[in-house]
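J.: My structure is in upload.tsv, and what it holds is TSV, C-alpha atoms:
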chain	number	residue	atom	x	y	z
V	1	MET	CA	0.00	0.00	0.00
V	2	ARG	CA	2.77	2.37	0.97
V	3	ARG	CA	4.59	1.62	-2.26
V	4	LEU	CA	1.37	2.30	-4.17
V	5	THR	CA	0.99	5.68	-2.45
V	6	TRP	CA	4.58	6.56	-3.23
V	7	THR	CA	4.11	5.58	-6.84
V	8	GLY	CA	0.96	7.64	-7.07
V	9	VAL	CA	2.54	10.74	-5.59
V	10	LEU	CA	5.58	10.33	-7.78
V	11	GLY	CA	3.41	9.87	-10.86
V	12	VAL	CA	1.34	12.97	-10.13
V	13	THR	CA	4.50	14.96	-9.45
V	14	LEU	CA	6.08	13.90	-12.71
V	15	LEU	CA	2.88	14.63	-14.60
V	16	LEU	CA	2.68	18.09	-13.12
V	17	ALA	CA	6.37	18.69	-13.66
V	18	GLY	CA	5.95	17.83	-17.32
V	19	ALA	CA	2.97	20.11	-17.67
V	20	ALA	CA	4.42	23.01	-15.73
V	21	PRO	CA	6.35	24.56	-18.64
V	22	LEU	CA	3.11	24.93	-20.55
V	23	MET	CA	1.80	27.18	-17.84
V	24	ALA	CA	4.81	29.39	-18.30
V	25	GLN	CA	3.57	30.47	-21.74
V	26	ASP	CA	2.28	33.89	-20.86
V	27	PRO	CA	0.83	36.14	-23.57
V	28	GLU	CA	4.19	37.79	-24.19
V	29	VAL	CA	5.91	34.47	-24.82
V	30	ARG	CA	3.02	33.29	-26.96
V	31	GLY	CA	3.14	36.50	-28.95
V	32	GLU	CA	6.86	36.10	-29.54
V	33	ARG	CA	6.36	32.53	-30.72
V	34	LEU	CA	3.61	33.59	-33.09
V	35	ARG	CA	5.79	36.36	-34.47
V	36	GLN	CA	8.56	33.87	-35.10
V	37	GLU	CA	6.09	31.49	-36.72
V	38	LEU	CA	4.99	34.30	-39.02
V	39	GLU	CA	8.59	35.06	-39.90
V	40	ILE	CA	9.25	31.41	-40.68
V	41	ARG	CA	6.13	31.03	-42.77
V	42	PHE	CA	6.87	34.26	-44.60
V	43	ALA	CA	10.39	33.10	-45.42
V	44	GLU	CA	9.01	29.73	-46.44
V	45	ARG	CA	6.44	31.30	-48.75
V	46	ILE	CA	9.03	33.45	-50.37
V	47	GLN	CA	11.21	30.43	-50.98
V	48	THR	CA	8.45	28.20	-52.34
V	49	GLU	CA	6.27	30.71	-54.18
V	50	LEU	CA	9.14	32.49	-55.86
V	51	GLY	CA	11.14	29.33	-56.41
V	52	LEU	CA	14.37	31.05	-55.43
V	53	THR	CA	17.58	29.54	-56.72
V	54	GLU	CA	20.55	28.92	-54.43
V	55	GLU	CA	22.14	31.98	-55.91
V	56	GLN	CA	19.11	34.20	-55.43
V	57	ALA	CA	18.13	33.18	-51.89
V	58	PRO	CA	21.04	34.72	-49.94
V	59	LYS	CA	20.95	37.89	-52.02
V	60	VAL	CA	17.23	38.35	-51.47
V	61	ARG	CA	17.68	37.67	-47.78
V	62	GLU	CA	20.40	40.28	-47.53
V	63	ILE	CA	18.40	42.94	-49.32
V	64	MET	CA	15.27	42.24	-47.30
V	65	THR	CA	17.15	42.16	-44.00
V	66	ARG	CA	18.74	45.51	-44.73
V	67	SER	CA	15.37	47.00	-45.59
V	68	ALA	CA	13.75	45.43	-42.52
V	69	ARG	CA	16.42	46.93	-40.27
V	70	GLN	CA	15.70	50.40	-41.63
V	71	ARG	CA	11.94	49.91	-41.38
V	72	GLN	CA	12.28	48.63	-37.84
V	73	SER	CA	14.03	51.83	-36.86
V	74	LEU	CA	11.37	53.93	-38.59
V	75	GLU	CA	8.58	51.93	-36.97
V	76	ARG	CA	9.98	52.53	-33.52
V	77	ARG	CA	10.50	56.21	-34.24
V	78	GLU	CA	6.91	56.61	-35.40
V	79	ARG	CA	5.66	54.78	-32.34
V	80	GLU	CA	7.48	57.27	-30.13
V	81	LEU	CA	6.20	60.24	-32.12
V	82	ARG	CA	2.62	59.04	-31.98
V	83	MET	CA	2.83	58.56	-28.24
V	84	SER	CA	4.24	62.06	-27.94
V	85	LEU	CA	1.37	63.36	-30.05
V	86	GLN	CA	-1.18	61.64	-27.83
V	87	ARG	CA	0.42	63.02	-24.70
V	88	HIS	CA	0.13	66.55	-26.04
V	89	LEU	CA	-3.45	66.13	-27.18
V	90	ARG	CA	-4.95	65.08	-23.86
V	91	PRO	CA	-8.26	66.81	-23.08
V	92	GLY	CA	-8.03	69.58	-20.54
V	93	ILE	CA	-4.31	70.13	-21.02
V	94	ALA	CA	-3.03	73.10	-23.00
V	95	ALA	CA	-1.26	71.85	-26.08
V	96	ASN	CA	2.27	72.96	-26.76
V	97	ALA	CA	2.37	74.16	-30.37
V	98	ASP	CA	6.05	73.42	-30.88
V	99	SER	CA	5.77	69.89	-29.56
V	100	LEU	CA	2.70	69.22	-31.67
V	101	ASN	CA	4.38	70.53	-34.81
V	102	ALA	CA	7.50	68.51	-34.13
V	103	ALA	CA	5.49	65.32	-33.65
V	104	VAL	CA	3.30	65.80	-36.73
V	105	ASP	CA	6.21	66.82	-38.96
V	106	GLY	CA	8.24	63.92	-37.61
V	107	ILE	CA	5.51	61.40	-38.39
V	108	ALA	CA	5.02	62.81	-41.88
V	109	GLU	CA	8.74	62.70	-42.57
V	110	ASN	CA	8.97	59.22	-41.12
V	111	ARG	CA	6.33	57.95	-43.51
V	112	VAL	CA	8.09	59.45	-46.48
V	113	ASN	CA	11.25	57.70	-45.37
V	114	TYR	CA	9.38	54.44	-44.88
V	115	THR	CA	8.03	54.59	-48.42
V	116	ARG	CA	11.47	55.44	-49.74
V	117	VAL	CA	12.99	52.42	-47.99
V	118	MET	CA	10.36	50.17	-49.54
V	119	GLN	CA	10.95	51.69	-52.98
V	120	ASP	CA	14.71	51.27	-52.69
V	121	GLU	CA	14.26	47.67	-51.62
V	122	MET	CA	12.01	46.96	-54.58
V	123	LYS	CA	14.48	48.52	-56.99
V	124	GLU	CA	17.33	46.52	-55.52
V	125	LEU	CA	15.33	43.30	-55.66
V	126	LEU	CA	14.86	43.78	-59.38
V	127	THR	CA	18.60	43.22	-59.79
V	128	VAL	CA	18.17	39.75	-58.30
V	129	LEU	CA	14.61	38.65	-59.06
V	130	THR	CA	12.56	38.42	-62.22
V	131	PRO	CA	9.57	40.78	-62.46
V	132	VAL	CA	7.24	37.88	-61.68
V	133	GLN	CA	9.19	36.91	-58.58
V	134	ARG	CA	9.38	40.46	-57.38
V	135	ALA	CA	5.66	40.98	-57.85
V	136	GLN	CA	4.90	37.74	-55.99
V	137	LEU	CA	7.06	38.85	-53.09
V	138	PHE	CA	5.39	42.24	-53.05
V	139	VAL	CA	1.90	40.74	-52.97
V	140	ILE	CA	2.70	38.19	-50.25
V	141	ARG	CA	4.14	40.81	-47.93
V	142	ASP	CA	1.52	43.38	-48.78
V	143	ARG	CA	-1.24	41.03	-47.68
V	144	ILE	CA	0.45	40.52	-44.31
V	145	LEU	CA	1.01	44.21	-43.76
V	146	GLN	CA	-2.52	45.09	-44.84
V	147	ARG	CA	-3.94	42.55	-42.40
V	148	ALA	CA	-1.78	43.87	-39.59
V	149	GLN	CA	-2.93	47.40	-40.31
V	150	GLU	CA	-6.59	46.36	-40.36
V	151	LEU	CA	-6.21	44.74	-36.95
V	152	ARG	CA	-4.53	47.80	-35.51
V	153	ALA	CA	-7.35	49.96	-36.82
V	154	GLN	CA	-9.83	47.77	-34.94
V	155	ARG	CA	-8.15	48.33	-31.58
V	156	PRO	CA	-10.14	50.10	-28.89
V	157	ALA	CA	-9.28	53.74	-28.51
V	158	SER	CA	-7.67	53.12	-25.10
V	159	ARG	CA	-4.93	50.90	-26.54
V	160	PRO	CA	-1.65	52.46	-27.61
V	161	PRO	CA	-1.49	53.02	-31.36
V	162	GLY	CA	0.62	50.82	-33.55
V	163	PRO	CA	3.39	52.25	-35.66
V	164	ARG	CA	1.55	51.99	-38.96
V	165	ASP	CA	-1.85	53.21	-37.80
V	166	GLU	CA	-3.39	55.76	-40.04
V	167	PRO	CA	-4.95	58.78	-38.39
I	1	MET	CA	23.89	17.92	-40.28
I	2	THR	CA	25.15	20.05	-37.42
I	3	ARG	CA	22.28	22.44	-37.98
I	4	LEU	CA	19.78	19.56	-37.89
I	5	ILE	CA	21.08	18.36	-34.53
I	6	HIS	CA	21.19	21.90	-33.19
I	7	LEU	CA	17.57	22.52	-34.15
I	8	SER	CA	16.36	19.18	-32.79
I	9	ASP	CA	18.01	19.89	-29.45
I	10	ARG	CA	16.43	23.33	-29.19
I	11	MET	CA	12.92	22.38	-30.26
I	12	PRO	CA	11.60	21.43	-26.79
I	13	GLN	CA	12.95	24.67	-25.30
I	14	VAL	CA	11.35	26.78	-28.01
I	15	ALA	CA	8.10	24.84	-27.81
I	16	TRP	CA	7.88	25.57	-24.09
I	17	GLY	CA	8.69	29.23	-24.54
I	18	ALA	CA	12.06	29.02	-22.80
I	19	ALA	CA	13.98	29.99	-25.95
I	20	SER	CA	13.48	31.52	-29.37
I	21	TRP	CA	14.74	30.66	-32.82
I	22	SER	CA	17.71	32.60	-34.05
I	23	PRO	CA	17.52	34.23	-37.51
I	24	GLU	CA	19.70	31.42	-38.89
I	25	ASP	CA	17.40	28.80	-37.35
I	26	MET	CA	14.38	30.44	-38.93
I	27	VAL	CA	16.02	30.57	-42.33
I	28	HIS	CA	16.85	26.87	-42.05
I	29	LEU	CA	13.36	25.97	-40.84
I	30	ALA	CA	11.85	27.82	-43.75
I	31	SER	CA	13.93	25.87	-46.25
I	32	CYS	CA	14.15	22.38	-44.66
I	33	ALA	CA	10.95	20.34	-44.87
I	34	GLU	CA	12.34	17.62	-42.61
I	35	CYS	CA	13.17	19.99	-39.75
I	36	ARG	CA	9.90	21.78	-40.22
I	37	ALA	CA	7.94	18.54	-39.92
I	38	GLU	CA	9.84	17.65	-36.76
I	39	TRP	CA	9.18	21.10	-35.32
I	40	ARG	CA	5.46	20.74	-36.03
I	41	VAL	CA	5.38	17.48	-34.04
I	42	VAL	CA	7.28	18.96	-31.09
I	43	GLU	CA	5.20	22.11	-31.14
I	44	LEU	CA	1.97	20.13	-31.21
I	45	GLY	CA	3.17	17.86	-28.41
I	46	ALA	CA	3.84	20.84	-26.20
I	47	THR	CA	0.23	21.94	-26.45
I	48	ILE	CA	-1.31	18.62	-25.44
I	49	GLY	CA	-3.09	19.01	-22.14
I	50	ALA	CA	-2.52	22.74	-22.05
I	51	ASP	CA	-6.19	23.42	-21.37
I	52	LEU	CA	-6.13	21.02	-18.44
I	53	THR	CA	-3.00	22.41	-16.82
I	54	ASP	CA	-4.16	25.99	-17.27
I	55	ARG	CA	-6.90	25.26	-14.75
I	56	MET	CA	-4.68	23.48	-12.25
I	57	ASP	CA	-3.30	25.08	-9.13
I	58	LEU	CA	0.03	23.28	-8.94
I	59	ALA	CA	1.25	24.96	-5.77
I	60	GLY	CA	-2.11	24.33	-4.13
I	61	ILE	CA	-2.09	20.65	-5.07
I	62	ALA	CA	1.39	20.19	-3.72
I	63	ALA	CA	0.46	21.98	-0.47
I	64	ARG	CA	-2.63	19.81	-0.06
I	65	VAL	CA	-0.58	16.66	-0.54
I	66	VAL	CA	1.77	17.77	2.23
I	67	ALA	CA	-1.14	18.74	4.49
I	68	ASP	CA	-2.87	15.44	3.86
I	69	ARG	CA	0.24	13.54	4.86
I	70	ALA	CA	0.55	15.59	8.02
I	71	ARG	CA	-3.06	14.81	9.00
I	72	ARG	CA	-2.57	11.07	8.86
I	73	ALA	CA	-2.14	8.99	11.97
I	74	PRO	CA	1.35	9.06	13.51
I	75	VAL	CA	3.54	6.35	12.16
I	76	PRO	CA	5.59	4.12	14.43
I	77	LYS	CA	8.79	5.64	15.65
I	78	ALA	CA	10.80	3.25	13.55
I	79	HIS	CA	9.32	4.88	10.49
I	80	SER	CA	9.95	8.48	11.51
I	81	PHE	CA	12.97	8.83	9.25
I	82	ARG	CA	11.01	7.50	6.30
I	83	ARG	CA	8.16	9.91	7.07
I	84	ALA	CA	10.53	12.85	7.29
I	85	SER	CA	12.14	11.95	3.98
I	86	TRP	CA	8.71	11.67	2.42
I	87	VAL	CA	7.73	15.14	3.55
I	88	VAL	CA	11.04	16.57	2.40
I	89	ALA	CA	10.68	14.89	-0.98
I	90	THR	CA	7.14	16.21	-1.39
I	91	ALA	CA	8.16	19.72	-0.35
I	92	ALA	CA	11.07	19.58	-2.80
I	93	ALA	CA	8.71	18.48	-5.57
I	94	ALA	CA	6.35	21.34	-4.72
I	95	ALA	CA	9.20	23.82	-4.81
I	96	LEU	CA	10.35	22.38	-8.13
I	97	LEU	CA	6.88	22.75	-9.60
I	98	ILE	CA	6.59	26.34	-8.46
I	99	MET	CA	10.01	27.15	-9.89
I	100	MET	CA	9.18	25.51	-13.21
I	101	ALA	CA	5.84	27.26	-13.45
I	102	ARG	CA	7.57	30.60	-12.98
I	103	PRO	CA	10.70	30.67	-15.11
I	104	THR	CA	13.14	33.19	-13.75
I	105	SER	CA	14.50	34.17	-17.11
I	106	ALA	CA	12.64	35.56	-20.08
I	107	PRO	CA	12.92	33.72	-23.37
I	108	GLU	CA	16.10	34.36	-25.25
I	109	SER	CA	15.88	37.67	-26.96
I	110	ALA	CA	14.04	37.72	-30.26
I	111	PRO	CA	16.06	38.09	-33.42
I	112	ALA	CA	17.28	41.67	-33.59
I	113	VAL	CA	16.03	42.13	-37.13
I	114	ALA	CA	13.17	40.17	-38.59
I	115	LEU	CA	11.82	40.52	-42.10
I	116	LEU	CA	8.51	41.85	-40.81
I	117	PRO	CA	9.29	44.54	-38.22
I	118	GLU	CA	5.79	45.91	-38.79
I	119	LEU	CA	4.48	43.09	-36.56
I	120	GLU	CA	6.27	44.41	-33.48
I	121	GLY	CA	3.96	45.51	-30.73
I	122	MET	CA	1.05	43.36	-31.89
I	123	SER	CA	-0.74	41.17	-29.36
I	124	ALA	CA	-0.83	37.39	-29.54
I	125	GLU	CA	-4.48	37.50	-30.54
I	126	GLU	CA	-3.74	39.90	-33.38
I	127	LEU	CA	-0.77	37.84	-34.55
I	128	GLU	CA	-2.93	34.73	-34.68
I	129	LEU	CA	-5.27	36.55	-37.03
I	130	VAL	CA	-2.37	37.72	-39.16
I	131	LEU	CA	-1.18	34.12	-39.28
I	132	ASP	CA	-4.40	33.25	-41.14
I	133	VAL	CA	-2.94	35.10	-44.11
I	134	LEU	CA	-0.13	32.54	-44.23
I	135	PRO	CA	-1.72	29.12	-43.70
I	136	ALA	CA	0.73	26.31	-43.19
I	137	ALA	CA	-0.87	23.95	-45.68
I	138	ASP	CA	1.32	22.97	-48.58
I	139	GLY	CA	0.49	24.28	-52.01
I	140	TRP	CA	-0.68	27.60	-50.72
I	141	THR	CA	-0.82	30.41	-53.25
I	142	VAL	CA	-1.56	34.05	-52.85
I	143	PRO	CA	-5.36	34.23	-52.94
I	144	GLY	CA	-6.96	36.36	-55.60
I	145	THR	CA	-3.92	36.53	-57.79
I	146	ASN	CA	-2.77	34.70	-60.83
I	147	LEU	CA	0.40	36.52	-61.59
I	148	GLY	CA	1.79	33.70	-63.64
I	149	ASP	CA	-0.60	34.62	-66.46
I	150	LEU	CA	0.81	38.12	-66.79
I	151	ASP	CA	3.78	39.09	-68.92
I	152	ASP	CA	6.66	41.19	-67.65
I	153	GLY	CA	5.24	44.44	-68.90
I	154	GLU	CA	1.86	43.82	-67.28
I	155	LEU	CA	3.49	42.88	-63.99
I	156	GLU	CA	5.53	46.07	-64.04
I	157	ARG	CA	2.34	48.05	-64.47
I	158	VAL	CA	0.70	46.17	-61.57
I	159	LEU	CA	3.70	46.95	-59.38
I	160	ARG	CA	3.69	50.61	-60.30
I	161	THR	CA	-0.01	50.74	-59.35
I	162	LEU	CA	0.64	49.03	-56.01
I	163	GLU	CA	3.60	51.24	-55.23
I	164	GLY	CA	1.56	54.36	-56.06
Any chance you could put this one into structure tokens?

T.:
Amino acid sequence: MRRLTWTGVLGVTLLLAGAAPLMAQDPEVRGERLRQELEIRFAERIQTELGLTEEQAPKVREIMTRSARQRQSLERRERELRMSLQRHLRPGIAANADSLNAAVDGIAENRVNYTRVMQDEMKELLTVLTPVQRAQLFVIRDRILQRAQELRAQRPASRPPGPRDEP
Amino acid sequence: MTRLIHLSDRMPQVAWGAASWSPEDMVHLASCAECRAEWRVVELGATIGADLTDRMDLAGIAARVVADRARRAPVPKAHSFRRASWVVATAAAAALLIMMARPTSAPESAPAVALLPELEGMSAEELELVLDVLPAADGWTVPGTNLGDLDDGELERVLRTLEG
């Protein structure tokens, strides 16, 4: 009987120990995993849909990584500017004209730069990809970005704005 | 081969949220069907029973086990050492469970530069919806497009329209 009890306790302990890591998946971890899954699927789609050759794949990756790095910086900058804008537009608080102008001008300039980065990337990709491949890549990514923007637009007003939210 | 072993070793950690894929890992996963299939299995295995464990109070269960043992009739003196070791073992298991349920370290930092930086700051729920755009099924094509039917000139015009 004692051995049975021991075995039972040990079994339950091992079961719980095995399940415990699952409980550790908080929303932040889950979000990070989903983001990585999206990155993997995106890279996979590019590879399969475009049928990249061994010569093309590293070049495309390099161009896209460089563009992504620049866009990441612009995204973060816009996020900061939009938060600044919101802070200065709170009801009941006198707005500072200079701060507002700086934020609005900064966002506008940021978007021009974002578009320029995308244009430069597309031009550079044309040196590596055929027009069909480049168009396929454009459409695949555009669908993802459009979807992301739609979801941000649906957020409640209380949530912080995303970097690509339109006013 | 080295990459295959490296990925296989890391899969359980990533599946449990204790680590993240590096950019090189993600590139390899995107291009290697064998590794991707293995990852799918590990990832799926990690989710089995998740609903059940989400509702379990592990620390509470462990505490109740200890309390239940303490309530039982006193054992003969000859067994006191065994009883003490039992309680210590149970307490150690409870402590282990609590530690495992609350990892002290965050997952390894995400890749510094991903190809889709626009997804930063999105919630898990939103990312799941974005994921619908890229279903995992094989043979997926971009819905609503048939670009293969267009010649180079037509595709250029489409691109110019999309780029504004």

J.: Could you tell me how far CA of Glu75 (chain V) lies from CA of Arg90 (chain V), in Å and to one decimal?

T.: 23.0 Å

J.: Would you pick out the contacts of region 26-28 of chain V at 7 Å or less, using only C-alpha atoms, so that residues sharing its chain but fewer than 3 positions from it are not included, and give the list as a PDB file with C-alpha atoms, in the coordinates of the input?

T.:
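This went into part-v7.pdb:
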ATOM      1  CA  GLY V  31       3.140  36.500 -28.950  1.00  0.00           C
ATOM      2  CA  GLU V  32       6.860  36.100 -29.540  1.00  0.00           C
TER       3      GLU V  32
ATOM      4  CA  ALA I 124      -0.830  37.390 -29.540  1.00  0.00           C
TER       5      ALA I 124
END

J.: Skip Ala33 (chain I) itself and residues of its chain fewer than 3 positions away, then list as a PyMOL selection string all residues within 12 Å of it, counting all atoms listed in the file.

T.: (chain V and resi 40-41+44+47-48) or (chain I and resi 4+27-30+36-40+136+138)

J.: How many Å lie between CA of Asp132 (chain I) and CA of Leu137 (chain V), rounded to one decimal?

T.: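 It comes out at 17.5 Å.
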
J.: For CA of Leu50 (chain V) and CA of Gln36 (chain V), determine how far apart the two atoms are, in Å to one decimal place.

T.: 20.8 Å

J.: Let me make sure I understand: among I:Ala18, I:Met11, I:Val41, I:Ala70, which one has the smallest atom-to-atom distance to chain V if we use only C-alpha atoms?

T.: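 Once distances to chain V are computed over only C-alpha atoms, the minimum belongs to I:Ala18.
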
J.: If you take every atom of region 110-128 of chain V that the file lists and fit an axis-aligned box around them with 5 Å extra on each side, what centre and edge lengths come out in Å to one decimal, as lines of an AutoDock Vina configuration file?

T.:
center_x = 12.5
center_y = 49.6
center_z = -50.5
size_x = 22.3
size_y = 29.7
size_z = 28.7

J.: Check the smallest atom-to-atom distance from each of I:Ala59, I:Met26, I:Leu119, I:Ile5 to Leu145 (chain V) using only C-alpha atoms, then report the winner.

T.: I:Leu119

J.: I want to know what sits within 9 Å of Arg66 (chain V), based on all atoms listed in the file, with residues of the same chain fewer than 5 positions away left out; could you give that as a list in words?

T.: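 Residues meeting the cut-off are Arg61, Arg71 and Glu121 of chain V; Val113 and Leu115 of chain I.
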